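Chemist: Pasting a structure below so you can have a look.
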Amino acid sequence: MTLVLTAAPPGLRGDLTKWLTEISPGVFVGNPGARVRDRLWARTVQLCRDGRAILVYSSDNEQGLEFRVHNHDWQPVDLDGITLMLRPSAPTTSTARTTWSTARANRRSRRPGWAAGGGGSIRQ
C-alpha cells in the first residue's frame, strides 16, 4: 500500500506512522490488512479536509492494484477492467497568428506589382 498526502496536517502524518513507514515527506508505504487499510483511509479523509490524498493498494484484479483519491484533480476511471487516472484537461490558449506582422505588411506595400496582384519586379 502507498499513500501520498499533500497539505496534510502534521497530526495525521504522525498518526499514520503508527502503521506505515514515511519514506519521503507525505509518502507512506506499508502492508497492513484490508480492515486496517480501510480504517486508515477513513481517518485520512476525515483529518485531511483541505489537503489531498491518493491511496494505491494491491488487489485481486487484472491490474493487481486499486486507487482511491480524496480532493484530487486526477480521478480513477475504469475502462474495460483497467483503472486509469483521468487528469483534467489543461485550458488551451490559442497562439495562432491572426494577422501578419507589421514588418511584413510594410515590405508588401513597398513592392510595386505586389499589391496589384501582378508578379512585381525583383529588386537587386
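Starting from 1 in every chain, residues are counted up; chains themselves are A, B, ... following the order of the C-alpha cells, and ligands are numbered from 1 as listed.
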At a cut-off of 12 Å, using only C-alpha atoms, what residues contact Arg43 (chain A)? Leave out same-chain residues fewer than 6 positions from it and give the result as a list in words.

Modeler: Ala8, Gly11, Leu12, Arg13, Asp15, Leu16, Val36, Arg37, Arg49, Ala53 and His70 of chain A

Chemist: Generate a file of the selected residues that holds C-alpha atoms, formatted as an mmCIF file, in the first residue's frame.

Modeler:
data_model
loop_
_atom_site.group_PDB
_atom_site.id
_atom_site.type_symbol
_atom_site.label_atom_id
_atom_site.label_comp_id
_atom_site.auth_asym_id
_atom_site.auth_seq_id
_atom_site.Cartn_x
_atom_site.Cartn_y
_atom_site.Cartn_z
ATOM 1 C CA ALA A 8 -1.979 17.271 5.292
ATOM 2 C CA GLY A 11 -1.153 15.164 13.341
ATOM 3 C CA LEU A 12 -2.365 12.951 10.512
ATOM 4 C CA ARG A 13 1.169 12.249 9.362
ATOM 5 C CA ASP A 15 -0.922 9.085 13.256
ATOM 6 C CA LEU A 16 -0.134 7.236 10.023
ATOM 7 C CA VAL A 36 -6.616 -1.538 8.873
ATOM 8 C CA ARG A 37 -6.159 -0.055 5.383
ATOM 9 C CA ARG A 49 -10.137 18.150 4.891
ATOM 10 C CA ALA A 53 -4.642 12.125 -0.693
ATOM 11 C CA HIS A 70 -9.559 12.474 -1.915
#

Chemist: Leaving out Leu79 (chain A) and any residue of its chain fewer than 6 positions from it, which residues lie within 12 Å of it when counting only C-alpha atoms, given as a ChimeraX atom specification?

Modeler: /A:63,85-86

Chemist: For those residues, write C-alpha atoms to a file as a tab-separated table (two decimals), in the first residue's frame.

Modeler:
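For reference, again_23.tsv as written:
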chain	number	residue	atom	x	y	z
A	63	GLN	CA	-4.03	-4.81	-12.88
A	85	MET	CA	-6.13	8.04	-13.84
A	86	LEU	CA	-8.12	10.69	-15.68

Chemist: So that I can check the surroundings of Ile23 (chain A), please list as a ChimeraX atom specification every protein, DNA and RNA residue that reaches within 12 Å of it, counting only C-alpha atoms and ignoring chain neighbours fewer than 6 positions away.

Modeler: /A:2-4,13,17,29-30

Chemist: Go ahead and save the picked residues with all heavy atoms, as a compact mmCIF listing (two decimals), in the first residue's frame.

Modeler:
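Output file selection08.txt follows:
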# COMPACT_ATOMS: atom_id res chain seq x y z
N THR A 2 0.50 2.22 -0.80
CA THR A 2 1.19 3.51 -0.83
C THR A 2 0.16 4.60 -0.67
O THR A 2 -0.86 4.61 -1.34
CB THR A 2 1.93 3.70 -2.17
OG1 THR A 2 2.84 2.62 -2.36
CG2 THR A 2 2.69 5.00 -2.18
N LEU A 3 0.44 5.53 0.23
CA LEU A 3 -0.45 6.64 0.50
C LEU A 3 0.35 7.92 0.34
O LEU A 3 1.39 8.09 0.97
CB LEU A 3 -1.02 6.54 1.92
CG LEU A 3 -1.94 7.65 2.41
CD1 LEU A 3 -3.21 7.72 1.55
CD2 LEU A 3 -2.31 7.42 3.86
N VAL A 4 -0.14 8.81 -0.54
CA VAL A 4 0.55 10.08 -0.79
C VAL A 4 -0.36 11.21 -0.32
O VAL A 4 -1.50 11.32 -0.76
CB VAL A 4 0.87 10.24 -2.30
CG1 VAL A 4 1.59 11.55 -2.54
CG2 VAL A 4 1.70 9.07 -2.79
N ARG A 13 -0.09 12.91 9.74
CA ARG A 13 1.17 12.25 9.36
C ARG A 13 1.74 11.45 10.53
O ARG A 13 2.20 10.33 10.36
CB ARG A 13 2.18 13.28 8.87
CG ARG A 13 1.79 13.86 7.52
CD ARG A 13 2.73 14.94 7.07
NE ARG A 13 4.10 14.47 7.00
CZ ARG A 13 5.15 15.25 6.80
NH1 ARG A 13 4.97 16.56 6.64
NH2 ARG A 13 6.35 14.75 6.73
N THR A 17 2.14 7.14 10.92
CA THR A 17 3.43 6.47 11.15
C THR A 17 3.31 5.32 12.16
O THR A 17 4.25 4.55 12.29
CB THR A 17 4.49 7.47 11.63
OG1 THR A 17 4.03 8.11 12.82
CG2 THR A 17 4.80 8.49 10.56
N VAL A 29 4.30 4.08 3.01
CA VAL A 29 4.20 2.74 2.45
C VAL A 29 4.05 1.74 3.59
O VAL A 29 4.50 1.98 4.71
CB VAL A 29 5.42 2.36 1.57
CG1 VAL A 29 5.49 3.24 0.35
CG2 VAL A 29 6.70 2.42 2.36
N GLY A 30 3.42 0.63 3.28
CA GLY A 30 3.25 -0.42 4.27
C GLY A 30 2.41 -1.55 3.72
O GLY A 30 1.97 -1.50 2.57

Chemist: What's the 8 Å shell around Arg52 (chain A), counting only C-alpha atoms, without same-chain residues fewer than 5 positions away, as a ChimeraX atom specification?

Modeler: /A:5-8,69-72

Chemist: Those residues you just picked out, can you put them in a file as a tab-separated table (two decimals), in the first residue's frame with C-alpha atoms?

Modeler:
chain	number	residue	atom	x	y	z
A	5	LEU	CA	-0.58	13.18	1.11
A	6	THR	CA	-0.40	16.82	0.08
A	7	ALA	CA	-1.10	19.68	2.51
A	8	ALA	CA	-1.98	17.27	5.29
A	69	VAL	CA	-8.44	9.62	-4.16
A	70	HIS	CA	-9.56	12.47	-1.91
A	71	ASN	CA	-9.79	16.14	-3.07
A	72	HIS	CA	-7.61	15.41	-6.06

Chemist: Taking into account only C-alpha atoms, which residue in the set A:Gly26, A:Lys18, A:Asp78, A:Ala103 is nearest to Cys48 (chain A)?

Modeler: A:Gly26
